[in-house]
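To start, the structure itself, in structure tokens.
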Amino acid sequence: MKQKQMAILMTMTISIFLCMLDTTVMNIALPAIQTGLHTDLDTLQWALNVYTIVFAAFTIPLGRIADQFGRNKIYFAGLILFLLGSLTSASSSTVAILIIGRALQSIGAAIVFPASMTIGINSVQLNKRNTAVLILGITQGLAAAFGPTIGGLLTQFCGWRGIFYINVPLVLLAAIMCVALLPMKNENIVKAKLDISGMCLVILLLFSLTLALVKASAWGWTSGKILSLFAGFVIALILFIWRESMASDPMIRLHLFKYRHFTGAVVMTVLSGILFVGVMVLMPSFFTKIQGHTELEAALMITPASIMVFLLSPVSGLLLKKMGARQLIALGIVLLGLGYVGLSVMNPRIYWQFAISCILIGTGYGIIIGPITVLSAGDFTGELLTASQSVTGVFRQIGTVLAVAIFVSALSTNLATAKAQVWSAARNEVKKLSVIQTRQKHIMMTNKSLANRTKAAEFLWKWLINKKIHGDILKISLEYAARNWYDTSKNGVRSVINF
């Protein structure tokens, strides 16, 4: 590649890294943000979901706008929006402002991501295109993989606001390089209509599905609200497919799915995203809030997965030429599956058991991301190439949305169950004590300081320890809750799990 081509490609990798980094960088900082903004996990996870939902829904329409008005100019505007969103998020004083900042970020990312892919791929000669696609695809995987680790380091040393302020110098660098390297005048433009109906249906179906998954345990899987949300999702999906098949300029070109390599790449993008992001969302919160580790320790504990992605992603490019994409993807899925088997039987208090599962998951994902990107691009050129990369980006965000919704809601539900069980068990143990009723009330109102712990609190804690229960997040949560169930507040005693 020529020097200018390489510089343009590197500029696009910075932009893609930023867009994908912000899909996972918040994960490990959730407990710190929750404490800082005085909110609960169910509310806070919408700061994650709004990014991925808006990113997924607006990627293709905004990519069309870039084609109409010039990719380079719109790409630059996207960088500025992303910068404003980062500054708003970093300075937020309430969770509502944080969600607004994340929405601005996601609109900027929805502009920058498809433009970066197209500009980067078109900046090199045709015979170097697979190399460019591989570099851009690996960048996406590395950003998602190292997001929690970077988030942990920044949260530990700079506070949770640092995960947003870190974007500022990188955006400015990308903007300066954009102005220096890319022509802003006389760009080639493509006339295309915006599929507003399709965009609205995507937002509706993703919002309905996400809210249903998040609230299903709280509202009940068979409740009217949840069934209505699932029905809304199905109806929106059917209407979307019908609309896209009839539209002259659809949001998603359904005929892309006639190509088996593209369909396979999309399915694997969603599946691998759920499996990898799920672990990177769940385990940092588990380590910090249930096992009591710091954000830095939690970041280091999940780093083996990130390291394996870093090491295996470039290697997968070399293996791709020898083994073929399908064989590599199959191997990656097997390794991801083995990693989850390990998580299901491990004792989470023995770190090396988790580390082995983490390595398997990181290896599987690292092997997959390169071949998936190459398969999705295939032999497409021109507008089909842009469409294929935009659609793949949409489904990557769908995988992230599903991972956050499924795993965070599951953890929240388990902790809520633990909280209720601990409070009930504590009250029963207090009643068994041979003391008068007024003394029982005093015990239930006890201070949380170690010196004033009562027999009931100590008994409950030791009782759970002696059970020697392993491998179940709910039961380990009980142990954590047993040490923290009592706390004094203005309204009396409340069972506390700081989630």
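Each chain in the structure tokens gets a letter, A, B and so on, in the order shown; residues start at 1 in every chain, and ligands are counted from 1 in the order they appear.
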
Long-range neighbours of Ser390 (chain A) as an NGL selection string, 8 Å cut-off, only C-alpha atoms, 6 positions minimum in chain: :A and (59-60 or 63 or 114)

Residues within 9 Å of Leu336 (chain A), only C-alpha atoms, excluding chain neighbours under 4 positions, as JSON, numbers by chain: {"A": [272, 275, 276, 331, 332, 340, 341, 357, 360, 361, 362, 363, 364, 365]}

Filtered DSSP result for region 199-269 of chain A, state helix (DSSP H, G or I), as a PyMOL selection string: chain A and resi 199-219+224-246+254-258+260-269

Atomic distance CA of Gly78 (chain A) - CA of Ile107 (chain A), expressed in Å with one decimal: 7.5 Å

Write out as an mmCIF file with N, CA and C atoms, in the first residue's frame each polymer residue whose atoms come within 10 Å of Val267 (chain A), counting only C-alpha atoms; drop sequence neighbours fewer than 5 positions from it.
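Output saved as result-v4.cif:
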data_model
loop_
_atom_site.group_PDB
_atom_site.id
_atom_site.type_symbol
_atom_site.label_atom_id
_atom_site.label_comp_id
_atom_site.auth_asym_id
_atom_site.auth_seq_id
_atom_site.Cartn_x
_atom_site.Cartn_y
_atom_site.Cartn_z
ATOM 1 N N PHE A 262 -22.913 -14.546 2.951
ATOM 2 C CA PHE A 262 -23.336 -13.361 3.694
ATOM 3 C C PHE A 262 -24.284 -13.742 4.829
ATOM 4 N N SER A 272 -21.847 -15.000 17.915
ATOM 5 C CA SER A 272 -20.564 -14.784 18.585
ATOM 6 C C SER A 272 -20.604 -13.517 19.440
ATOM 7 N N GLY A 273 -21.340 -12.493 18.974
ATOM 8 C CA GLY A 273 -21.473 -11.264 19.753
ATOM 9 C C GLY A 273 -22.167 -11.509 21.073
ATOM 10 N N ILE A 372 -15.370 -13.735 9.590
ATOM 11 C CA ILE A 372 -16.734 -13.216 9.458
ATOM 12 C C ILE A 372 -16.739 -11.953 8.602
ATOM 13 N N THR A 392 -24.039 -5.822 8.235
ATOM 14 C CA THR A 392 -23.253 -6.577 9.208
ATOM 15 C C THR A 392 -23.059 -5.773 10.486
ATOM 16 N N PHE A 395 -26.273 -5.932 12.557
ATOM 17 C CA PHE A 395 -26.453 -7.194 13.273
ATOM 18 C C PHE A 395 -25.419 -7.378 14.384
ATOM 19 N N ARG A 396 -24.261 -6.772 14.239
ATOM 20 C CA ARG A 396 -23.291 -6.808 15.333
ATOM 21 C C ARG A 396 -23.859 -6.080 16.561
ATOM 22 N N GLY A 399 -26.517 -8.185 18.253
ATOM 23 C CA GLY A 399 -25.911 -9.163 19.153
ATOM 24 C C GLY A 399 -25.548 -8.553 20.496
#

Pick from A:Ile302, A:Ala405, A:Leu311, A:Leu81 nearest to Thr43 (chain A), counting only C-alpha atoms: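 Checking each of A:Ile302, A:Ala405, A:Leu311, A:Leu81 against Thr43 (chain A), counting only C-alpha atoms, the winner is A:Ala405.
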
Separation of CA of Leu375 (chain A) from CA of Leu237 (chain A), in Å and rounded to one decimal: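 Straight-line distance from CA of Leu375 (chain A) to CA of Leu237 (chain A) works out to 25.3 Å.
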
Who sits within 10 Å of Ile307 (chain A), only C-alpha atoms, same chain under 6 positions skipped, as a list in words: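 Result of the neighbour search: Leu142, Ala145, Phe146, Ser313, Ile359, Gly362, Thr363 and Gly366 of chain A.
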
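Checking A:Phe354, A:Trp160, A:Phe380, A:Phe17 one by one against Leu256 (chain A), counting only C-alpha atoms, you find the shortest gap at A:Phe380.
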
Residue with smallest distance to Asp40 (chain A) - pool A:Ser306, A:Thr155, A:Thr94, A:Thr131, counting only C-alpha atoms: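 The closest residue to Asp40 (chain A) is A:Thr94.
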
Nearby residues (only C-alpha atoms) at most 9 Å from Thr24 (chain A), same-chain spacing under 5 positions excluded, as a list in words: Leu48, Ala143, Ala144, Ala145, Phe146, Gly147, Pro148, Gly151, Val277, Met280, Val281 and Thr400 of chain A

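Picture a line from CA of Ile333 (chain A) to CA of Gly141 (chain A); it runs 15.2 Å.
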
Quick one: residues within 9 Å of region 205-217 of chain A, only C-alpha atoms counted, chain neighbours fewer than 3 positions away excluded, as a JSON list (two decimals) with all heavy atoms, in the first residue's frame?
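File written: out_11.json
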[["chain", "number", "residue", "atom", "x", "y", "z"],
["A", 42, "ASP", "N", -31.21, -1.66, 36.55],
["A", 42, "ASP", "CA", -32.19, -1.77, 35.47],
["A", 42, "ASP", "C", -32.30, -0.47, 34.68],
["A", 42, "ASP", "O", -32.45, -0.48, 33.46],
["A", 42, "ASP", "CB", -33.56, -2.14, 36.04],
["A", 42, "ASP", "CG", -33.66, -3.62, 36.40],
["A", 42, "ASP", "OD1", -32.79, -4.38, 35.92],
["A", 42, "ASP", "OD2", -34.56, -4.00, 37.15],
["A", 49, "ASN", "N", -28.05, 0.19, 26.37],
["A", 49, "ASN", "CA", -28.97, -0.22, 25.32],
["A", 49, "ASN", "C", -29.25, 0.90, 24.31],
["A", 49, "ASN", "O", -29.40, 0.63, 23.11],
["A", 49, "ASN", "CB", -30.29, -0.71, 25.93],
["A", 49, "ASN", "CG", -30.13, -2.03, 26.64],
["A", 49, "ASN", "OD1", -29.26, -2.83, 26.28],
["A", 49, "ASN", "ND2", -30.94, -2.28, 27.65],
["A", 53, "ILE", "N", -29.02, 0.23, 20.36],
["A", 53, "ILE", "CA", -30.27, 0.28, 19.59],
["A", 53, "ILE", "C", -30.22, 1.39, 18.54],
["A", 53, "ILE", "O", -30.54, 1.17, 17.37],
["A", 53, "ILE", "CB", -31.48, 0.46, 20.53],
["A", 53, "ILE", "CG1", -31.72, -0.82, 21.34],
["A", 53, "ILE", "CG2", -32.73, 0.81, 19.73],
["A", 53, "ILE", "CD1", -32.80, -0.69, 22.39],
["A", 56, "ALA", "N", -27.71, 0.57, 15.82],
["A", 56, "ALA", "CA", -28.22, -0.43, 14.88],
["A", 56, "ALA", "C", -29.27, 0.16, 13.94],
["A", 56, "ALA", "O", -29.28, -0.12, 12.74],
["A", 56, "ALA", "CB", -28.81, -1.61, 15.65],
["A", 57, "ALA", "N", -30.17, 0.99, 14.49],
["A", 57, "ALA", "CA", -31.29, 1.51, 13.69],
["A", 57, "ALA", "C", -30.85, 2.57, 12.69],
["A", 57, "ALA", "O", -31.42, 2.67, 11.60],
["A", 57, "ALA", "CB", -32.37, 2.07, 14.62],
["A", 200, "CYS", "N", -37.91, 3.26, 11.40],
["A", 200, "CYS", "CA", -38.82, 3.32, 12.55],
["A", 200, "CYS", "C", -39.21, 1.91, 13.01],
["A", 200, "CYS", "O", -39.30, 1.64, 14.22],
["A", 200, "CYS", "CB", -40.08, 4.11, 12.19],
["A", 200, "CYS", "SG", -39.77, 5.87, 11.91],
["A", 201, "LEU", "N", -39.42, 1.01, 12.06],
["A", 201, "LEU", "CA", -39.78, -0.37, 12.42],
["A", 201, "LEU", "C", -38.63, -1.08, 13.11],
["A", 201, "LEU", "O", -38.85, -1.87, 14.04],
["A", 201, "LEU", "CB", -40.20, -1.14, 11.16],
["A", 201, "LEU", "CG", -41.58, -0.77, 10.60],
["A", 201, "LEU", "CD1", -41.79, -1.40, 9.22],
["A", 201, "LEU", "CD2", -42.68, -1.22, 11.56],
["A", 202, "VAL", "N", -37.39, -0.82, 12.69],
["A", 202, "VAL", "CA", -36.23, -1.42, 13.35],
["A", 202, "VAL", "C", -36.14, -0.93, 14.80],
["A", 202, "VAL", "O", -35.89, -1.72, 15.73],
["A", 202, "VAL", "CB", -34.92, -1.09, 12.60],
["A", 202, "VAL", "CG1", -33.70, -1.37, 13.46],
["A", 202, "VAL", "CG2", -34.84, -1.91, 11.33],
["A", 220, "GLY", "N", -43.03, -10.88, 34.85],
["A", 220, "GLY", "CA", -43.55, -12.22, 34.60],
["A", 220, "GLY", "C", -43.61, -12.52, 33.11],
["A", 220, "GLY", "O", -44.11, -11.71, 32.32],
["A", 221, "TRP", "N", -43.05, -13.68, 32.74],
["A", 221, "TRP", "CA", -42.96, -14.03, 31.32],
["A", 221, "TRP", "C", -44.32, -14.14, 30.65],
["A", 221, "TRP", "O", -44.45, -13.95, 29.44],
["A", 221, "TRP", "CB", -42.19, -15.35, 31.15],
["A", 221, "TRP", "CG", -40.72, -15.20, 31.35],
["A", 221, "TRP", "CD1", -40.01, -15.39, 32.50],
["A", 221, "TRP", "CD2", -39.76, -14.79, 30.36],
["A", 221, "TRP", "NE1", -38.67, -15.13, 32.30],
["A", 221, "TRP", "CE2", -38.48, -14.78, 31.00],
["A", 221, "TRP", "CE3", -39.84, -14.45, 29.01],
["A", 221, "TRP", "CZ2", -37.31, -14.42, 30.31],
["A", 221, "TRP", "CZ3", -38.67, -14.10, 28.33],
["A", 221, "TRP", "CH2", -37.42, -14.09, 28.99],
["A", 222, "THR", "N", -45.35, -14.47, 31.42],
["A", 222, "THR", "CA", -46.68, -14.64, 30.84],
["A", 222, "THR", "C", -47.60, -13.46, 31.14],
["A", 222, "THR", "O", -48.81, -13.53, 30.90],
["A", 222, "THR", "CB", -47.33, -15.94, 31.38],
["A", 222, "THR", "OG1", -47.39, -15.88, 32.82],
["A", 222, "THR", "CG2", -46.54, -17.16, 30.96],
["A", 223, "SER", "N", -47.05, -12.37, 31.66],
["A", 223, "SER", "CA", -47.86, -11.20, 31.96],
["A", 223, "SER", "C", -48.30, -10.52, 30.67],
["A", 223, "SER", "O", -47.70, -10.68, 29.60],
["A", 223, "SER", "CB", -47.08, -10.21, 32.83],
["A", 223, "SER", "OG", -46.01, -9.65, 32.09],
["A", 225, "LYS", "N", -48.12, -7.40, 29.81],
["A", 225, "LYS", "CA", -47.13, -6.45, 29.30],
["A", 225, "LYS", "C", -46.07, -7.15, 28.45],
["A", 225, "LYS", "O", -45.73, -6.69, 27.35],
["A", 225, "LYS", "CB", -46.47, -5.71, 30.46],
["A", 225, "LYS", "CG", -47.37, -4.75, 31.21],
["A", 225, "LYS", "CD", -46.60, -4.07, 32.34],
["A", 225, "LYS", "CE", -47.49, -3.12, 33.12],
["A", 225, "LYS", "NZ", -46.75, -2.49, 34.25],
["A", 226, "ILE", "N", -45.54, -8.25, 28.99],
["A", 226, "ILE", "CA", -44.45, -8.96, 28.28],
["A", 226, "ILE", "C", -44.98, -9.59, 27.00],
["A", 226, "ILE", "O", -44.34, -9.52, 25.94],
["A", 226, "ILE", "CB", -43.81, -10.02, 29.19],
["A", 226, "ILE", "CG1", -43.13, -9.34, 30.39],
["A", 226, "ILE", "CG2", -42.81, -10.86, 28.42],
["A", 226, "ILE", "CD1", -42.05, -8.36, 30.02],
["A", 227, "LEU", "N", -46.15, -10.23, 27.07],
["A", 227, "LEU", "CA", -46.72, -10.84, 25.87],
["A", 227, "LEU", "C", -47.02, -9.78, 24.81],
["A", 227, "LEU", "O", -46.83, -10.02, 23.61],
["A", 227, "LEU", "CB", -47.99, -11.61, 26.24],
["A", 227, "LEU", "CG", -47.79, -12.85, 27.11],
["A", 227, "LEU", "CD1", -49.12, -13.49, 27.46],
["A", 227, "LEU", "CD2", -46.89, -13.87, 26.41],
["A", 228, "SER", "N", -47.46, -8.59, 25.25],
["A", 228, "SER", "CA", -47.72, -7.50, 24.31],
["A", 228, "SER", "C", -46.43, -7.03, 23.64],
["A", 228, "SER", "O", -46.41, -6.75, 22.44],
["A", 228, "SER", "CB", -48.38, -6.33, 25.03],
["A", 228, "SER", "OG", -49.63, -6.70, 25.56],
["A", 229, "LEU", "N", -45.35, -6.96, 24.43],
["A", 229, "LEU", "CA", -44.06, -6.55, 23.87],
["A", 229, "LEU", "C", -43.55, -7.56, 22.85],
["A", 229, "LEU", "O", -43.06, -7.18, 21.78],
["A", 229, "LEU", "CB", -43.04, -6.35, 24.99],
["A", 229, "LEU", "CG", -43.21, -5.10, 25.85],
["A", 229, "LEU", "CD1", -42.30, -5.16, 27.08],
["A", 229, "LEU", "CD2", -42.89, -3.85, 25.03],
["A", 230, "PHE", "N", -43.66, -8.84, 23.17],
["A", 230, "PHE", "CA", -43.22, -9.87, 22.22],
["A", 230, "PHE", "C", -44.10, -9.85, 20.96],
["A", 230, "PHE", "O", -43.61, -10.04, 19.84],
["A", 230, "PHE", "CB", -43.25, -11.26, 22.87],
["A", 230, "PHE", "CG", -42.04, -11.56, 23.71],
["A", 230, "PHE", "CD1", -42.18, -11.93, 25.04],
["A", 230, "PHE", "CD2", -40.77, -11.47, 23.19],
["A", 230, "PHE", "CE1", -41.08, -12.20, 25.83],
["A", 230, "PHE", "CE2", -39.65, -11.74, 23.96],
["A", 230, "PHE", "CZ", -39.81, -12.11, 25.29],
["A", 231, "ALA", "N", -45.40, -9.62, 21.15],
["A", 231, "ALA", "CA", -46.30, -9.52, 19.99],
["A", 231, "ALA", "C", -45.93, -8.32, 19.14],
["A", 231, "ALA", "O", -45.91, -8.39, 17.90],
["A", 231, "ALA", "CB", -47.74, -9.42, 20.47],
["A", 232, "GLY", "N", -45.61, -7.20, 19.80],
["A", 232, "GLY", "CA", -45.18, -6.00, 19.08],
["A", 232, "GLY", "C", -43.91, -6.25, 18.29],
["A", 232, "GLY", "O", -43.76, -5.78, 17.15],
["A", 233, "PHE", "N", -42.98, -7.01, 18.88],
["A", 233, "PHE", "CA", -41.73, -7.36, 18.21],
["A", 233, "PHE", "C", -42.02, -8.18, 16.94],
["A", 233, "PHE", "O", -41.47, -7.88, 15.86],
["A", 233, "PHE", "CB", -40.82, -8.14, 19.15],
["A", 233, "PHE", "CG", -39.73, -8.89, 18.46],
["A", 233, "PHE", "CD1", -38.63, -8.23, 17.93],
["A", 233, "PHE", "CD2", -39.78, -10.27, 18.35],
["A", 233, "PHE", "CE1", -37.62, -8.92, 17.28],
["A", 233, "PHE", "CE2", -38.78, -10.98, 17.71],
["A", 233, "PHE", "CZ", -37.70, -10.29, 17.18],
["A", 234, "VAL", "N", -42.86, -9.20, 17.08],
["A", 234, "VAL", "CA", -43.17, -10.08, 15.94],
["A", 234, "VAL", "C", -43.86, -9.30, 14.83],
["A", 234, "VAL", "O", -43.52, -9.41, 13.64],
["A", 234, "VAL", "CB", -44.04, -11.27, 16.39],
["A", 234, "VAL", "CG1", -44.51, -12.07, 15.18],
["A", 234, "VAL", "CG2", -43.26, -12.17, 17.34],
["A", 235, "ILE", "N", -44.85, -8.46, 15.21],
["A", 235, "ILE", "CA", -45.58, -7.67, 14.21],
["A", 235, "ILE", "C", -44.64, -6.70, 13.50],
["A", 235, "ILE", "O", -44.68, -6.55, 12.27],
["A", 235, "ILE", "CB", -46.75, -6.91, 14.89],
["A", 235, "ILE", "CG1", -47.81, -7.91, 15.36],
["A", 235, "ILE", "CG2", -47.36, -5.89, 13.92],
["A", 235, "ILE", "CD1", -48.87, -7.29, 16.25],
["A", 236, "ALA", "N", -43.78, -6.02, 14.29],
["A", 236, "ALA", "CA", -42.83, -5.07, 13.69],
["A", 236, "ALA", "C", -41.86, -5.78, 12.76],
["A", 236, "ALA", "O", -41.50, -5.25, 11.69],
["A", 236, "ALA", "CB", -42.07, -4.34, 14.80],
["A", 237, "LEU", "N", -41.44, -6.99, 13.13],
["A", 237, "LEU", "CA", -40.51, -7.76, 12.29],
["A", 237, "LEU", "C", -41.18, -8.14, 10.97],
["A", 237, "LEU", "O", -40.57, -8.01, 9.89],
["A", 237, "LEU", "CB", -40.05, -9.02, 13.04],
["A", 237, "LEU", "CG", -39.10, -9.95, 12.29],
["A", 237, "LEU", "CD1", -37.81, -9.22, 11.93],
["A", 237, "LEU", "CD2", -38.80, -11.19, 13.12],
["A", 240, "PHE", "N", -41.57, -5.11, 8.87],
["A", 240, "PHE", "CA", -40.27, -4.67, 8.36],
["A", 240, "PHE", "C", -39.87, -5.49, 7.14],
["A", 240, "PHE", "O", -39.43, -4.94, 6.12],
["A", 240, "PHE", "CB", -39.22, -4.80, 9.46],
["A", 240, "PHE", "CG", -37.83, -4.45, 9.00],
["A", 240, "PHE", "CD1", -37.45, -3.13, 8.81],
["A", 240, "PHE", "CD2", -36.89, -5.45, 8.74],
["A", 240, "PHE", "CE1", -36.18, -2.80, 8.37],
["A", 240, "PHE", "CE2", -35.62, -5.13, 8.30],
["A", 240, "PHE", "CZ", -35.26, -3.81, 8.12],
["A", 398, "ILE", "N", -27.06, -5.68, 17.16],
["A", 398, "ILE", "CA", -28.18, -6.49, 17.65],
["A", 398, "ILE", "C", -27.66, -7.56, 18.60],
["A", 398, "ILE", "O", -28.25, -7.83, 19.66],
["A", 398, "ILE", "CB", -28.95, -7.13, 16.48],
["A", 398, "ILE", "CG1", -29.73, -6.04, 15.72],
["A", 398, "ILE", "CG2", -29.90, -8.21, 16.96],
["A", 398, "ILE", "CD1", -30.39, -6.52, 14.45],
["A", 401, "VAL", "N", -26.95, -5.81, 21.86],
["A", 401, "VAL", "CA", -28.20, -5.49, 22.56],
["A", 401, "VAL", "C", -28.74, -6.73, 23.27],
["A", 401, "VAL", "O", -29.12, -6.68, 24.45],
["A", 401, "VAL", "CB", -29.26, -4.96, 21.56],
["A", 401, "VAL", "CG1", -30.63, -4.90, 22.23],
["A", 401, "VAL", "CG2", -28.87, -3.57, 21.09],
["A", 402, "LEU", "N", -28.78, -7.85, 22.56],
["A", 402, "LEU", "CA", -29.30, -9.08, 23.14],
["A", 402, "LEU", "C", -28.44, -9.56, 24.30],
["A", 402, "LEU", "O", -28.97, -10.02, 25.33],
["A", 402, "LEU", "CB", -29.40, -10.16, 22.06],
["A", 402, "LEU", "CG", -30.43, -9.92, 20.95],
["A", 402, "LEU", "CD1", -30.36, -11.02, 19.90],
["A", 402, "LEU", "CD2", -31.84, -9.83, 21.53],
["A", 404, "VAL", "N", -26.54, -7.74, 26.36],
["A", 404, "VAL", "CA", -26.77, -6.87, 27.52],
["A", 404, "VAL", "C", -28.12, -7.17, 28.15],
["A", 404, "VAL", "O", -28.25, -7.33, 29.37],
["A", 404, "VAL", "CB", -26.67, -5.39, 27.12],
["A", 404, "VAL", "CG1", -27.10, -4.48, 28.28],
["A", 404, "VAL", "CG2", -25.25, -5.05, 26.70],
["A", 405, "ALA", "N", -29.16, -7.28, 27.31],
["A", 405, "ALA", "CA", -30.51, -7.51, 27.83],
["A", 405, "ALA", "C", -30.61, -8.84, 28.56],
["A", 405, "ALA", "O", -31.16, -8.92, 29.67],
["A", 405, "ALA", "CB", -31.52, -7.46, 26.68],
["A", 406, "ILE", "N", -30.06, -9.88, 27.97],
["A", 406, "ILE", "CA", -30.19, -11.23, 28.55],
["A", 406, "ILE", "C", -29.35, -11.36, 29.82],
["A", 406, "ILE", "O", -29.86, -11.77, 30.87],
["A", 406, "ILE", "CB", -29.77, -12.30, 27.52],
["A", 406, "ILE", "CG1", -30.76, -12.33, 26.36],
["A", 406, "ILE", "CG2", -29.68, -13.67, 28.18],
["A", 406, "ILE", "CD1", -30.28, -13.14, 25.16],
["A", 408, "VAL", "N", -27.56, -9.01, 31.74],
["A", 408, "VAL", "CA", -27.75, -8.05, 32.83],
["A", 408, "VAL", "C", -29.07, -8.30, 33.54],
["A", 408, "VAL", "O", -29.14, -8.25, 34.76],
["A", 408, "VAL", "CB", -27.67, -6.60, 32.31],
["A", 408, "VAL", "CG1", -28.04, -5.60, 33.41],
["A", 408, "VAL", "CG2", -26.26, -6.30, 31.80],
["A", 409, "SER", "N", -30.14, -8.58, 32.78],
["A", 409, "SER", "CA", -31.43, -8.83, 33.42],
["A", 409, "SER", "C", -31.39, -10.11, 34.24],
["A", 409, "SER", "O", -32.00, -10.19, 35.32],
["A", 409, "SER", "CB", -32.55, -8.90, 32.37],
["A", 409, "SER", "OG", -32.33, -9.96, 31.46],
["A", 410, "ALA", "N", -30.65, -11.13, 33.76],
["A", 410, "ALA", "CA", -30.53, -12.38, 34.52],
["A", 410, "ALA", "C", -29.81, -12.13, 35.85],
["A", 410, "ALA", "O", -30.23, -12.63, 36.90],
["A", 410, "ALA", "CB", -29.77, -13.42, 33.70],
["A", 413, "THR", "N", -32.07, -10.18, 38.21],
["A", 413, "THR", "CA", -33.12, -11.04, 38.76],
["A", 413, "THR", "C", -32.57, -11.94, 39.85],
["A", 413, "THR", "O", -33.18, -12.12, 40.91],
["A", 413, "THR", "CB", -33.73, -11.91, 37.64],
["A", 413, "THR", "OG1", -34.27, -11.05, 36.64],
["A", 413, "THR", "CG2", -34.83, -12.80, 38.18]]

A:Pro250, A:Gly108, A:Gly264, A:Pro183 ranked by distance to Lys73 (chain A), top pick (using only C-alpha atoms):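 For Lys73 (chain A), the nearest of the given residues is A:Pro183.
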
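Residue nearest Leu62 (chain A), chosen from A:Phe257, A:Phe113, A:Phe82, A:Phe157 and counting only C-alpha atoms: A:Phe113.
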